[in-house]
$ cat upload-v8.cif   # mmCIF, C-alpha atoms
data_input
#
loop_
_atom_site.label_atom_id
_atom_site.label_comp_id
_atom_site.auth_asym_id
_atom_site.auth_seq_id
_atom_site.Cartn_x
_atom_site.Cartn_y
_atom_site.Cartn_z
CA MET A 270 4.18 19.72 3.82
CA SER A 271 5.35 16.10 3.96
CA GLY A 272 8.52 17.20 5.74
CA ASP A 273 6.66 17.19 9.07
CA ILE A 274 4.93 13.88 8.38
CA SER A 275 6.83 10.72 9.24
CA ARG A 276 7.66 8.03 6.67
CA LYS A 277 5.49 5.67 8.71
CA ASP A 278 2.43 7.92 8.56
CA ILE A 279 2.94 8.55 4.84
CA ALA A 280 3.07 4.82 4.12
CA ILE A 281 -0.07 4.07 6.15
CA LEU A 282 -2.04 7.00 4.71
CA TRP A 283 -1.21 6.09 1.11
CA GLY A 284 -1.78 2.40 1.79
CA ASN A 285 -5.19 2.90 3.38
CA SER A 286 -6.19 5.24 0.55
CA GLY A 287 -4.94 3.04 -2.26
CA GLY A 288 -3.12 6.06 -3.68
CA ARG A 289 -6.40 7.66 -4.78
CA CYS A 290 -8.23 10.87 -3.96
CA ALA A 291 -10.67 10.13 -1.13
CA MET A 292 -13.47 12.23 -2.61
CA PRO A 293 -16.14 9.80 -3.89
CA GLU A 294 -16.85 11.84 -7.02
CA CYS A 295 -13.13 11.84 -7.89
CA ARG A 296 -10.95 8.93 -6.71
CA ILE A 297 -8.35 9.61 -9.39
CA LYS A 298 -5.01 7.83 -9.18
CA LEU A 299 -2.51 10.12 -7.44
CA ILE A 300 0.63 8.51 -8.83
CA GLN A 301 0.92 8.90 -12.58
CA GLU A 302 2.89 6.06 -14.12
CA LYS A 303 6.43 6.70 -15.30
CA THR A 304 7.30 6.87 -18.97
CA GLU A 305 10.31 5.42 -20.74
CA ASN A 306 12.36 8.52 -19.88
CA ASP A 307 10.53 10.07 -16.93
CA PRO A 308 9.94 9.08 -13.29
CA TYR A 309 6.59 8.62 -11.55
CA SER A 310 4.65 11.86 -11.05
CA ILE A 311 3.10 12.11 -7.58
CA ILE A 312 0.16 14.51 -7.59
CA GLY A 313 -1.46 13.47 -4.30
CA GLU A 314 -1.56 15.86 -1.35
CA MET A 315 -1.76 14.85 2.30
CA ALA A 316 -4.34 17.25 3.68
CA HIS A 317 -4.75 17.91 7.38
CA ILE A 318 -8.29 17.25 8.55
CA LYS A 319 -7.74 19.41 11.61
CA GLY A 320 -5.46 22.22 10.49
CA LYS A 321 -1.70 22.09 10.82
CA LYS A 322 -1.31 25.54 12.39
CA SER A 323 -3.33 28.38 13.87
CA GLY A 324 -5.49 30.01 11.24
CA ALA A 325 -5.61 26.89 9.08
CA ALA A 326 -8.91 25.23 8.20
CA ARG A 327 -10.40 23.21 11.07
CA PHE A 328 -7.46 24.00 13.40
CA ASP A 329 -7.77 22.36 16.81
CA PRO A 330 -5.47 23.92 19.44
CA THR A 331 -5.81 20.89 21.73
CA LEU A 332 -3.86 18.66 19.35
CA THR A 333 -0.11 18.21 19.64
CA ALA A 334 2.12 18.57 16.58
CA GLU A 335 2.50 14.79 16.52
CA GLN A 336 -1.27 14.28 16.56
CA ARG A 337 -1.78 16.81 13.76
CA ASN A 338 0.70 15.01 11.51
CA ASN A 339 -0.51 11.51 12.37
CA HIS A 340 -2.10 9.53 9.53
CA ASN A 341 -5.38 9.53 11.49
CA ASN A 342 -5.60 13.31 11.01
CA LEU A 343 -4.68 13.23 7.33
CA ILE A 344 -6.72 12.58 4.21
CA LEU A 345 -5.24 11.92 0.77
CA LEU A 346 -6.64 14.23 -1.90
CA CYS A 347 -5.94 15.49 -5.39
CA PRO A 348 -4.74 19.13 -5.54
CA ASN A 349 -8.18 20.40 -6.62
CA HIS A 350 -10.07 18.79 -3.75
CA HIS A 351 -7.40 19.78 -1.23
CA LYS A 352 -7.99 23.42 -2.13
CA ILE A 353 -11.77 22.98 -2.09
CA VAL A 354 -11.95 21.38 1.38
CA ASP A 355 -9.74 24.11 2.85
CA ASP A 356 -11.51 26.98 1.10
CA GLN A 357 -14.94 25.59 2.03
CA HIS A 358 -14.09 24.45 5.54
CA LYS A 359 -17.48 25.38 6.96
CA TRP A 360 -19.05 22.75 4.72
CA PHE A 361 -16.16 20.30 4.90
CA THR A 362 -15.99 20.02 8.66
CA ALA A 363 -13.56 17.68 10.39
CA GLU A 364 -16.41 15.25 11.08
CA LYS A 365 -17.41 15.22 7.41
CA LEU A 366 -13.84 14.62 6.25
CA TYR A 367 -13.37 11.76 8.73
CA LYS A 368 -16.53 10.20 7.30
CA ILE A 369 -15.38 10.69 3.70
CA LYS A 370 -12.05 9.09 4.55
CA GLU A 371 -13.76 6.14 6.26
CA GLU A 372 -16.11 5.57 3.33
CA HIS A 373 -13.23 5.74 0.86
CA GLU A 374 -11.30 3.07 2.75
CA LYS A 375 -14.41 0.88 2.77
CA TRP A 376 -14.75 1.39 -0.99
CA LEU A 377 -11.14 0.36 -1.56
CA SER A 378 -11.52 -2.72 0.63
CA LYS A 379 -14.62 -3.81 -1.29
CA ALA A 380 -12.95 -3.14 -4.65
CA LEU A 381 -9.89 -5.21 -3.71
CA THR A 382 -12.08 -8.06 -2.50
CA GLU A 383 -13.91 -8.11 -5.83
CA GLU A 384 -10.86 -7.70 -8.05
CA ILE A 385 -8.69 -10.25 -6.27
CA MET A 386 -11.04 -12.94 -7.56
CA ASN A 387 -10.52 -11.73 -11.14
CA ILE A 388 -6.73 -11.66 -11.34
CA THR A 389 -5.08 -13.86 -13.94
CA PHE A 390 -1.56 -14.91 -14.90
CA GLN A 391 -1.42 -11.70 -16.96
CA GLU A 392 -1.63 -9.48 -13.86
CA LEU A 393 0.74 -11.74 -11.92
CA ASP A 394 3.26 -11.41 -14.74
CA VAL A 395 3.03 -7.61 -14.55
CA VAL A 396 3.71 -7.39 -10.82
CA THR A 397 6.50 -9.99 -10.68
CA LYS A 398 8.73 -8.69 -13.48
CA PHE A 399 10.69 -6.25 -11.35
CA LEU A 400 11.04 -8.67 -8.44
CA THR A 401 12.80 -11.16 -10.70
CA SER A 402 15.24 -8.75 -12.35
CA ASP A 403 18.68 -10.02 -13.35
CA GLN A 404 20.37 -7.99 -10.60
CA ILE A 405 18.91 -10.21 -7.89
CA LYS A 406 21.21 -12.88 -6.42
CA LEU A 407 19.77 -16.25 -5.54
CA GLU A 408 19.43 -17.20 -1.89
CA THR A 409 17.62 -20.34 -0.77
CA SER A 410 17.68 -20.21 3.04
CA TYR A 411 14.08 -19.38 3.83
CA THR A 412 12.09 -20.41 6.88
CA LEU A 413 8.34 -20.85 6.71
CA ILE A 414 6.48 -19.16 9.54
CA PRO A 415 2.65 -19.24 9.68
CA PRO A 416 1.05 -15.90 8.63
CA LYS A 417 -1.03 -15.73 11.83
CA GLU A 418 2.13 -15.96 13.94
CA LYS A 419 3.79 -13.22 11.91
CA ILE A 420 0.75 -10.98 12.25
CA ASP A 421 0.70 -11.39 16.04
CA LYS A 422 4.46 -10.99 16.52
CA ASN A 423 4.59 -7.80 14.49
CA SER A 424 1.43 -6.24 15.95
CA LEU A 425 -0.07 -5.83 12.50
CA SER A 426 -3.48 -4.19 12.56
CA LEU A 427 -6.82 -5.83 11.90
CA SER A 428 -6.85 -4.03 8.56
CA ILE A 429 -3.58 -5.67 7.51
CA GLY A 430 -4.84 -9.02 8.78
CA THR A 431 -7.87 -8.60 6.52
CA HIS A 432 -5.60 -7.81 3.56
CA ILE A 433 -3.57 -10.97 4.21
CA THR A 434 -6.70 -13.10 4.56
CA ARG A 435 -7.96 -11.62 1.30
CA GLY A 436 -4.69 -12.37 -0.46
CA LEU A 437 -4.56 -15.97 0.79
CA VAL A 438 -7.60 -16.73 -1.36
CA GLN A 439 -5.45 -16.56 -4.50
CA VAL A 440 -2.09 -17.77 -3.20
CA LYS A 441 -2.63 -21.12 -4.94
CA GLN A 442 -2.78 -19.28 -8.26
CA VAL A 443 0.63 -17.74 -7.54
CA ASP A 444 1.99 -21.25 -6.89
CA GLU A 445 0.59 -22.41 -10.23
CA PHE A 446 1.98 -19.34 -12.00
CA ILE A 447 5.46 -20.00 -10.61
CA GLU A 448 5.26 -23.73 -11.38
CA LYS A 449 4.39 -23.05 -15.03
CA TYR A 450 6.97 -20.30 -15.48
CA PRO A 451 9.74 -21.39 -17.90
CA ASP A 452 12.54 -20.10 -15.63
CA ILE A 453 13.15 -22.85 -13.03
CA TYR A 454 14.71 -20.29 -10.65
CA PHE A 455 11.77 -17.90 -10.92
CA GLY A 456 10.32 -18.74 -7.51
CA GLU A 457 13.59 -18.24 -5.67
CA ARG A 458 14.35 -15.05 -7.56
CA LEU A 459 10.92 -13.75 -6.64
CA LYS A 460 11.54 -14.45 -2.96
CA GLN A 461 14.97 -12.89 -2.99
CA GLY A 462 13.76 -9.70 -4.66
CA PHE A 463 11.14 -9.37 -1.96
CA VAL A 464 13.60 -10.07 0.85
CA GLU A 465 16.00 -7.43 -0.46
CA GLU A 466 13.26 -4.78 -0.56
CA TYR A 467 12.03 -5.84 2.87
CA THR A 468 15.56 -5.41 4.25
CA ARG A 469 15.96 -2.00 2.61
CA LEU A 470 12.68 -0.75 4.07
CA LYS A 471 13.51 -2.14 7.51
CA ASN A 472 16.81 -0.26 7.39
CA GLU A 473 14.81 2.92 6.70
CA GLY A 474 13.06 2.33 10.00
CA LEU A 475 9.70 1.07 8.73
CA THR A 476 7.88 -1.55 10.79
CA SER A 477 4.43 -3.08 11.21
CA ASP A 478 1.62 -1.63 9.05
CA ALA A 479 3.85 1.00 7.42
CA LEU A 480 6.28 -1.71 6.31
CA PHE A 481 3.49 -3.88 4.92
CA TYR A 482 2.00 -1.00 2.93
CA ALA A 483 5.42 -0.01 1.57
CA LEU A 484 5.93 -3.60 0.42
CA LEU A 485 2.48 -3.60 -1.18
CA GLU A 486 3.39 -0.48 -3.12
CA PHE A 487 6.62 -2.21 -4.20
CA ALA A 488 4.80 -5.40 -5.21
CA SER A 489 2.29 -3.35 -7.23
CA GLN A 490 5.08 -1.20 -8.72
CA LYS A 491 3.20 1.93 -7.56
CA ASN A 492 0.38 1.06 -9.97
CA LYS A 493 -2.94 2.30 -8.51
CA ASP A 494 -5.18 0.31 -10.83
CA VAL A 495 -7.24 -1.77 -8.39
CA LYS A 496 -6.77 -5.01 -10.34
CA ILE A 497 -3.00 -4.59 -10.38
CA MET A 498 -3.06 -3.71 -6.69
CA ALA A 499 -5.07 -6.90 -6.07
CA ALA A 500 -2.45 -8.90 -7.96
CA GLY A 501 0.29 -7.18 -5.97
CA LEU A 502 -1.51 -8.03 -2.73
CA THR A 503 -1.76 -11.69 -3.78
CA VAL A 504 1.96 -11.87 -4.56
CA LEU A 505 2.81 -10.04 -1.34
CA THR A 506 0.66 -12.46 0.67
CA TYR A 507 2.35 -15.40 -1.02
CA LEU A 508 5.77 -13.97 -0.16
CA PHE A 509 4.64 -13.05 3.36
CA GLU A 510 3.89 -16.74 3.84
CA LYS A 511 6.94 -18.15 2.04
CA CYS A 512 9.79 -15.83 3.08
CA GLU A 513 11.72 -15.37 6.30
CA VAL A 514 10.45 -11.85 6.88
CA PHE A 515 8.32 -10.28 9.61
CA GLU A 516 9.85 -13.06 11.69
CA LYS A 517 10.80 -11.08 14.81
#
$ encode --input "upload-v8.cif" --output "C-alpha coordinates"
Amino acid sequence: MSGDISRKDIAILWGNSGGRCAMPECRIKLIQEKTENDPYSIIGEMAHIKGKKSGAARFDPTLTAEQRNNHNNLILLCPNHHKIVDDQHKWFTAEKLYKIKEEHEKWLSKALTEEIMNITFQELDVVTKFLTSDQIKLETSYTLIPPKEKIDKNSLSLSIGTHITRGLVQVKQVDEFIEKYPDIYFGERLKQGFVEEYTRLKNEGLTSDALFYALLEFASQKNKDVKIMAAGLTVLTYLFEKCEVFEK
(Lines of atoms letter the chains of each structure in order from A and count residues from 1; the text may use other names and numbers.)
(Lines give C-alpha, C1' and ligand atoms only; values in the text may rest on other atoms or scores of the structure.)
Protein backbone atom coordinates (compact mmCIF):
# COMPACT_ATOMS: atom_id res chain seq x y z
CA MET A 1 0.00 0.00 0.00
CA SER A 2 2.86 2.41 0.72
CA GLY A 3 3.86 2.29 -2.95
CA ASP A 4 1.25 4.95 -3.75
CA ILE A 5 2.14 7.10 -0.74
CA SER A 6 4.99 9.55 -1.15
CA ARG A 7 8.11 9.49 1.04
CA LYS A 8 7.10 12.95 2.24
CA ASP A 9 3.65 11.84 3.38
CA ILE A 10 5.07 8.73 5.04
CA ALA A 11 7.57 10.81 7.03
CA ILE A 12 4.94 13.31 8.18
CA LEU A 13 2.38 10.63 9.09
CA TRP A 14 4.88 8.62 11.14
CA GLY A 15 6.31 11.77 12.71
CA ASN A 16 2.94 13.15 13.76
CA SER A 17 1.95 9.74 15.14
CA GLY A 18 5.19 9.09 17.00
CA GLY A 19 5.33 5.68 15.35
CA ARG A 20 2.45 4.39 17.49
CA CYS A 21 -1.02 3.06 16.81
CA ALA A 22 -3.45 5.98 17.01
CA MET A 23 -6.13 4.00 18.86
CA PRO A 24 -6.20 5.30 22.45
CA GLU A 25 -6.68 1.84 23.95
CA CYS A 26 -3.65 0.56 22.02
CA ARG A 27 -0.85 3.00 21.13
CA ILE A 28 1.67 0.19 20.76
CA LYS A 29 5.04 0.97 19.19
CA LEU A 30 4.90 0.12 15.48
CA ILE A 31 8.62 -0.29 14.96
CA GLN A 32 10.04 -3.21 16.89
CA GLU A 33 13.69 -2.67 17.76
CA LYS A 34 16.35 -4.58 15.87
CA THR A 35 18.28 -7.40 17.47
CA GLU A 36 21.97 -8.17 17.19
CA ASN A 37 21.37 -10.11 13.97
CA ASP A 38 18.03 -8.81 12.70
CA PRO A 39 16.77 -5.49 11.29
CA TYR A 40 13.94 -3.35 12.64
CA SER A 41 10.49 -4.91 12.20
CA ILE A 42 7.90 -2.39 10.99
CA ILE A 43 4.39 -3.54 11.90
CA GLY A 44 2.56 -0.23 11.41
CA GLU A 45 -0.01 0.16 8.63
CA MET A 46 -0.97 3.44 6.97
CA ALA A 47 -4.74 3.19 6.79
CA HIS A 48 -6.83 5.37 4.51
CA ILE A 49 -9.47 7.29 6.42
CA LYS A 50 -11.47 7.81 3.24
CA GLY A 51 -10.98 4.65 1.20
CA LYS A 52 -8.29 4.28 -1.43
CA LYS A 53 -10.58 2.89 -4.15
CA SER A 54 -14.23 2.31 -4.96
CA GLY A 55 -15.74 -0.26 -2.62
CA ALA A 56 -13.22 0.44 0.13
CA ALA A 57 -14.34 1.59 3.57
CA ARG A 58 -15.36 5.27 3.68
CA PHE A 59 -14.56 5.79 -0.03
CA ASP A 60 -15.15 9.36 -1.20
CA PRO A 61 -15.37 9.67 -5.01
CA THR A 62 -14.77 13.43 -4.87
CA LEU A 63 -11.16 12.98 -3.73
CA THR A 64 -8.29 12.81 -6.19
CA ALA A 65 -5.71 10.03 -5.95
CA GLU A 66 -3.25 12.55 -4.52
CA GLN A 67 -5.72 13.62 -1.83
CA ARG A 68 -6.46 10.01 -0.88
CA ASN A 69 -2.78 9.26 -0.36
CA ASN A 70 -1.99 12.51 1.44
CA HIS A 71 -0.94 12.21 5.09
CA ASN A 72 -4.07 14.18 6.05
CA ASN A 73 -6.21 11.25 4.85
CA LEU A 74 -4.09 8.59 6.52
CA ILE A 75 -4.01 7.25 10.06
CA LEU A 76 -1.25 5.06 11.48
CA LEU A 77 -2.57 1.85 13.03
CA CYS A 78 -1.44 -1.57 14.16
CA PRO A 79 -2.59 -4.44 11.88
CA ASN A 80 -5.40 -5.44 14.26
CA HIS A 81 -6.95 -1.98 14.45
CA HIS A 82 -6.54 -1.42 10.72
CA LYS A 83 -8.70 -4.46 10.08
CA ILE A 84 -11.22 -3.44 12.74
CA VAL A 85 -11.76 0.11 11.42
CA ASP A 86 -12.26 -1.18 7.89
CA ASP A 87 -14.53 -4.07 8.87
CA GLN A 88 -16.58 -1.82 11.17
CA HIS A 89 -16.65 1.25 8.97
CA LYS A 90 -20.19 2.20 9.93
CA TRP A 91 -18.98 2.77 13.48
CA PHE A 92 -15.55 4.07 12.53
CA THR A 93 -16.70 6.85 10.24
CA ALA A 94 -14.25 9.24 8.59
CA GLU A 95 -15.21 11.93 11.10
CA LYS A 96 -14.52 9.59 14.02
CA LEU A 97 -11.13 8.55 12.64
CA TYR A 98 -10.10 12.17 12.05
CA LYS A 99 -10.97 12.85 15.70
CA ILE A 100 -9.04 9.80 16.92
CA LYS A 101 -6.03 10.90 14.90
CA GLU A 102 -6.24 14.45 16.26
CA GLU A 103 -6.52 13.24 19.86
CA HIS A 104 -3.58 10.90 19.39
CA GLU A 105 -1.37 13.71 18.12
CA LYS A 106 -2.39 15.82 21.11
CA TRP A 107 -1.50 12.92 23.42
CA LEU A 108 1.94 12.58 21.82
CA SER A 109 2.58 16.32 22.08
CA LYS A 110 1.68 16.31 25.77
CA ALA A 111 3.79 13.21 26.44
CA LEU A 112 6.84 14.75 24.73
CA THR A 113 6.41 17.97 26.68
CA GLU A 114 6.37 16.03 29.95
CA GLU A 115 9.21 13.65 29.12
CA ILE A 116 11.56 16.26 27.70
CA MET A 117 11.88 17.68 31.22
CA ASN A 118 12.93 14.27 32.53
CA ILE A 119 15.72 13.38 30.12
CA THR A 120 19.17 12.81 31.58
CA PHE A 121 22.70 12.23 30.30
CA GLN A 122 21.76 8.54 30.07
CA GLU A 123 19.15 9.18 27.35
CA LEU A 124 21.43 11.67 25.58
CA ASP A 125 24.15 9.02 25.49
CA VAL A 126 21.74 6.54 23.88
CA VAL A 127 20.69 8.85 21.05
CA THR A 128 24.16 10.24 20.25
CA LYS A 129 26.10 6.99 19.93
CA PHE A 130 25.32 6.41 16.26
CA LEU A 131 25.85 10.04 15.31
CA THR A 132 29.41 9.89 16.60
CA SER A 133 30.44 6.63 14.96
CA ASP A 134 34.05 6.19 13.85
CA GLN A 135 33.07 6.37 10.17
CA ILE A 136 32.24 10.06 10.44
CA LYS A 137 34.88 12.52 9.18
CA LEU A 138 35.42 15.74 11.06
CA GLU A 139 34.32 18.99 9.46
CA THR A 140 34.37 22.29 11.33
CA SER A 141 32.88 24.83 8.91
CA TYR A 142 29.49 25.46 10.45
CA THR A 143 27.47 28.65 10.34
CA LEU A 144 25.05 29.54 13.12
CA ILE A 145 21.66 30.66 11.87
CA PRO A 146 18.87 31.51 14.36
CA PRO A 147 16.20 28.75 14.60
CA LYS A 148 13.37 31.22 13.95
CA GLU A 149 14.99 32.27 10.67
CA LYS A 150 15.41 28.65 9.62
CA ILE A 151 11.79 27.88 10.45
CA ASP A 152 10.55 30.80 8.34
CA LYS A 153 12.87 30.17 5.38
CA ASN A 154 11.92 26.51 5.16
CA SER A 155 8.17 27.02 5.67
CA LEU A 156 8.16 24.61 8.60
CA SER A 157 4.72 24.14 10.10
CA LEU A 158 3.48 25.43 13.42
CA SER A 159 3.71 21.87 14.71
CA ILE A 160 7.42 21.69 13.90
CA GLY A 161 7.93 25.13 15.41
CA THR A 162 6.34 23.83 18.61
CA HIS A 163 8.68 20.81 18.59
CA ILE A 164 11.70 23.09 18.22
CA THR A 165 10.51 25.40 21.00
CA ARG A 166 9.99 22.33 23.18
CA GLY A 167 13.47 21.04 22.42
CA LEU A 168 15.14 24.39 23.14
CA VAL A 169 14.18 23.99 26.80
CA GLN A 170 16.84 21.30 27.22
CA VAL A 171 19.49 22.43 24.73
CA LYS A 172 21.66 23.66 27.60
CA GLN A 173 21.77 20.10 28.94
CA VAL A 174 23.10 18.90 25.58
CA ASP A 175 25.84 21.55 25.80
CA GLU A 176 26.75 20.30 29.28
CA PHE A 177 26.69 16.68 28.10
CA ILE A 178 29.08 17.46 25.24
CA GLU A 179 31.35 19.56 27.47
CA LYS A 180 31.72 16.73 29.98
CA TYR A 181 32.20 14.02 27.35
CA PRO A 182 35.76 12.60 27.48
CA ASP A 183 36.20 12.76 23.68
CA ILE A 184 37.22 16.36 22.88
CA TYR A 185 35.99 15.95 19.28
CA PHE A 186 32.59 14.63 20.35
CA GLY A 187 30.71 17.85 19.59
CA GLU A 188 32.11 18.17 16.09
CA ARG A 189 31.56 14.49 15.35
CA LEU A 190 27.97 14.85 16.49
CA LYS A 191 27.42 17.79 14.13
CA GLN A 192 29.04 16.05 11.21
CA GLY A 193 26.98 12.89 11.64
CA PHE A 194 23.85 15.00 11.58
CA VAL A 195 24.97 16.99 8.54
CA GLU A 196 25.71 13.80 6.60
CA GLU A 197 22.25 12.39 7.33
CA TYR A 198 20.65 15.73 6.50
CA THR A 199 22.45 15.74 3.14
CA ARG A 200 21.42 12.15 2.40
CA LEU A 201 17.76 12.89 3.13
CA LYS A 202 17.85 16.09 1.07
CA ASN A 203 19.22 14.09 -1.85
CA GLU A 204 16.22 11.77 -1.48
CA GLY A 205 14.02 14.78 -2.09
CA LEU A 206 12.78 15.40 1.45
CA THR A 207 12.17 18.99 2.53
CA SER A 208 10.36 20.98 5.22
CA ASP A 209 8.32 18.98 7.77
CA ALA A 210 9.06 15.62 6.15
CA LEU A 211 12.80 16.29 6.40
CA PHE A 212 12.54 17.35 10.04
CA TYR A 213 10.56 14.24 10.99
CA ALA A 214 13.00 11.97 9.13
CA LEU A 215 15.86 13.59 11.06
CA LEU A 216 13.96 13.11 14.32
CA GLU A 217 13.59 9.42 13.55
CA PHE A 218 17.33 9.29 12.83
CA ALA A 219 18.21 11.15 16.04
CA SER A 220 15.99 8.78 18.04
CA GLN A 221 17.37 5.73 16.17
CA LYS A 222 13.77 4.70 15.34
CA ASN A 223 13.12 4.15 19.06
CA LYS A 224 9.45 4.91 19.82
CA ASP A 225 9.84 5.10 23.59
CA VAL A 226 8.59 8.62 24.36
CA LYS A 227 11.52 9.44 26.65
CA ILE A 228 14.05 8.43 24.00
CA MET A 229 12.09 10.39 21.40
CA ALA A 230 12.21 13.41 23.73
CA ALA A 231 15.98 13.02 24.03
CA GLY A 232 16.24 12.69 20.25
CA LEU A 233 14.18 15.86 19.83
CA THR A 234 16.47 17.72 22.22
CA VAL A 235 19.59 16.63 20.33
CA LEU A 236 17.93 17.43 16.99
CA THR A 237 16.98 20.91 18.24
CA TYR A 238 20.53 21.47 19.43
CA LEU A 239 21.88 20.45 16.03
CA PHE A 240 19.19 22.45 14.22
CA GLU A 241 20.56 25.50 16.02
CA LYS A 242 24.28 24.67 15.72
CA CYS A 243 24.63 23.25 12.19
CA GLU A 244 24.55 24.81 8.75
CA VAL A 245 21.39 22.99 7.70
CA PHE A 246 17.91 24.18 6.76
CA GLU A 247 19.81 27.27 5.68
CA LYS A 248 18.19 27.88 2.28
$ closest_residue --input "upload-v8.cif" --among "A:Ile420, A:Met315, A:Leu366, A:Cys347" --to "A:Ala280" --atoms "all atoms listed in the file"
A:Met315
$ closest_residue --input "upload-v8.cif" --among "A:Phe390, A:Trp283, A:Tyr482, A:Tyr467" --to "A:Glu445" --atoms "all atoms listed in the file"
A:Phe390
$ atom_distance --input "upload-v8.cif" --atom1 "atom CA of A:Phe328" --atom2 "atom CA of A:His351"
15.2 Å
$ resolve_selection --input "upload-v8.cif" --expression "the PyMOL selection byres ((chain A and resi 484-496) around 7)" --output "list in words"
Gly287, Gly288, Lys298, Glu302, Ala380, Leu381, Glu384, Ile385, Ile388, Val396, Tyr467, Leu480, Phe481, Tyr482, Ala483, Ile497, Met498, Ala499, Ala500, Gly501, Leu502 and Leu505 of chain A
$ resolve_selection --input "upload-v8.cif" --expression "the PyMOL selection byres ((chain A and resi 279) around 12)" --output "JSON, numbers by chain"
{"A": [270, 271, 272, 273, 274, 275, 276, 277, 278, 280, 281, 282, 283, 284, 285, 286, 287, 288, 313, 314, 315, 316, 338, 339, 340, 341, 342, 343, 344, 345, 475, 478, 479, 480, 482, 483]}
$ atom_distance --input "upload-v8.cif" --atom1 "atom CA of A:Glu392" --atom2 "atom CA of A:Lys471"
27.2 Å
$ atom_distance --input "upload-v8.cif" --atom1 "atom CA of A:Lys460" --atom2 "atom CA of A:Lys511"
7.7 Å
$ residues_around --input "upload-v8.cif" --residues "A:Arg296" --least-positions-apart "4" --cutoff "9 Å" --atoms "all atoms listed in the file" --output "list in words"
Gly288, Arg289, Cys290, Ala291, Met292, Leu346, Cys347 and His373 of chain A
$ closest_residue --input "upload-v8.cif" --among "A:Leu332, A:Ile318, A:Val438, A:Leu427" --to "A:Ala363" --atoms "all atoms listed in the file"
A:Ile318
$ closest_residue --input "upload-v8.cif" --among "A:Thr397, A:Tyr507, A:Ile453, A:Glu383" --to "A:Val440" --atoms "all atoms listed in the file"
A:Tyr507
$ closest_residue --input "upload-v8.cif" --among "A:Asn349, A:Gln301, A:Thr503, A:Ser477" --to "A:Leu425" --atoms "all atoms listed in the file"
A:Ser477
$ build_atoms --input "upload-v8.cif" --residues "stretch 506-517 of chain A" --atoms "all heavy atoms" --output "short mmCIF file (atom, residue, chain, number, x, y, z; two decimals), in the coordinates of the input"
data_model
loop_
_atom_site.label_atom_id
_atom_site.label_comp_id
_atom_site.auth_asym_id
_atom_site.auth_seq_id
_atom_site.Cartn_x
_atom_site.Cartn_y
_atom_site.Cartn_z
N THR A 506 1.13 -11.48 -0.30
CA THR A 506 0.66 -12.46 0.67
C THR A 506 1.38 -13.79 0.51
O THR A 506 1.77 -14.44 1.49
CB THR A 506 -0.86 -12.67 0.52
OG1 THR A 506 -1.53 -11.42 0.69
CG2 THR A 506 -1.38 -13.64 1.57
N TYR A 507 1.59 -14.18 -0.73
CA TYR A 507 2.35 -15.40 -1.02
C TYR A 507 3.76 -15.30 -0.43
O TYR A 507 4.24 -16.23 0.24
CB TYR A 507 2.43 -15.61 -2.53
CG TYR A 507 3.39 -16.69 -2.96
CD1 TYR A 507 3.01 -18.03 -2.99
CD2 TYR A 507 4.70 -16.37 -3.34
CE1 TYR A 507 3.91 -19.01 -3.39
CE2 TYR A 507 5.59 -17.34 -3.72
CZ TYR A 507 5.19 -18.66 -3.75
OH TYR A 507 6.09 -19.64 -4.13
N LEU A 508 4.40 -14.16 -0.64
CA LEU A 508 5.77 -13.97 -0.16
C LEU A 508 5.80 -13.80 1.36
O LEU A 508 6.74 -14.22 2.03
CB LEU A 508 6.40 -12.76 -0.85
CG LEU A 508 6.61 -12.94 -2.36
CD1 LEU A 508 6.96 -11.61 -3.02
CD2 LEU A 508 7.68 -13.97 -2.64
N PHE A 509 4.77 -13.18 1.91
CA PHE A 509 4.64 -13.05 3.36
C PHE A 509 4.63 -14.44 4.01
O PHE A 509 5.20 -14.66 5.07
CB PHE A 509 3.34 -12.32 3.68
CG PHE A 509 3.09 -12.05 5.14
CD1 PHE A 509 3.63 -10.94 5.75
CD2 PHE A 509 2.31 -12.91 5.89
CE1 PHE A 509 3.39 -10.67 7.10
CE2 PHE A 509 2.06 -12.66 7.23
CZ PHE A 509 2.61 -11.54 7.85
N GLU A 510 3.99 -15.38 3.33
CA GLU A 510 3.89 -16.74 3.84
C GLU A 510 5.16 -17.54 3.60
O GLU A 510 5.56 -18.35 4.44
CB GLU A 510 2.70 -17.44 3.17
CG GLU A 510 2.43 -18.84 3.67
CD GLU A 510 1.26 -19.49 2.96
OE1 GLU A 510 1.00 -19.16 1.78
OE2 GLU A 510 0.61 -20.34 3.59
N LYS A 511 5.83 -17.30 2.47
CA LYS A 511 6.94 -18.15 2.04
C LYS A 511 8.32 -17.66 2.46
O LYS A 511 9.28 -18.43 2.42
CB LYS A 511 6.93 -18.31 0.51
CG LYS A 511 5.67 -18.92 -0.05
CD LYS A 511 5.51 -20.36 0.36
CE LYS A 511 4.29 -20.98 -0.32
NZ LYS A 511 4.07 -22.39 0.13
N CYS A 512 8.47 -16.39 2.81
CA CYS A 512 9.79 -15.83 3.08
C CYS A 512 10.05 -15.61 4.56
O CYS A 512 9.12 -15.41 5.35
CB CYS A 512 9.97 -14.50 2.35
SG CYS A 512 9.96 -14.65 0.55
N GLU A 513 11.31 -15.61 4.91
CA GLU A 513 11.72 -15.37 6.30
C GLU A 513 11.77 -13.87 6.57
O GLU A 513 12.82 -13.28 6.77
CB GLU A 513 13.08 -16.01 6.55
CG GLU A 513 13.48 -16.02 8.01
CD GLU A 513 14.82 -16.69 8.22
OE1 GLU A 513 15.17 -17.58 7.44
OE2 GLU A 513 15.52 -16.30 9.16
N VAL A 514 10.59 -13.26 6.59
CA VAL A 514 10.45 -11.85 6.88
C VAL A 514 9.33 -11.68 7.89
O VAL A 514 8.54 -12.59 8.11
CB VAL A 514 10.14 -11.03 5.61
CG1 VAL A 514 11.30 -11.07 4.66
CG2 VAL A 514 8.86 -11.52 4.95
N PHE A 515 9.28 -10.52 8.52
CA PHE A 515 8.32 -10.28 9.61
C PHE A 515 8.46 -11.39 10.66
O PHE A 515 7.49 -11.78 11.29
CB PHE A 515 6.87 -10.26 9.09
CG PHE A 515 6.50 -9.00 8.38
CD1 PHE A 515 6.59 -8.91 7.00
CD2 PHE A 515 6.02 -7.90 9.07
CE1 PHE A 515 6.25 -7.75 6.33
CE2 PHE A 515 5.67 -6.74 8.41
CZ PHE A 515 5.79 -6.67 7.03
N GLU A 516 9.68 -11.89 10.82
CA GLU A 516 9.85 -13.06 11.69
C GLU A 516 10.13 -12.69 13.13
O GLU A 516 10.10 -13.57 14.00
CB GLU A 516 10.99 -13.95 11.15
CG GLU A 516 12.41 -13.45 11.40
CD GLU A 516 12.85 -12.32 10.48
OE1 GLU A 516 12.01 -11.80 9.72
OE2 GLU A 516 14.02 -11.96 10.51
N LYS A 517 10.43 -11.43 13.43
CA LYS A 517 10.80 -11.08 14.81
C LYS A 517 9.87 -10.01 15.36
O LYS A 517 9.33 -9.23 14.60
CB LYS A 517 12.25 -10.58 14.85
CG LYS A 517 13.24 -11.67 14.47
CD LYS A 517 14.66 -11.16 14.51
CE LYS A 517 15.65 -12.25 14.12
NZ LYS A 517 17.04 -11.76 14.12
#
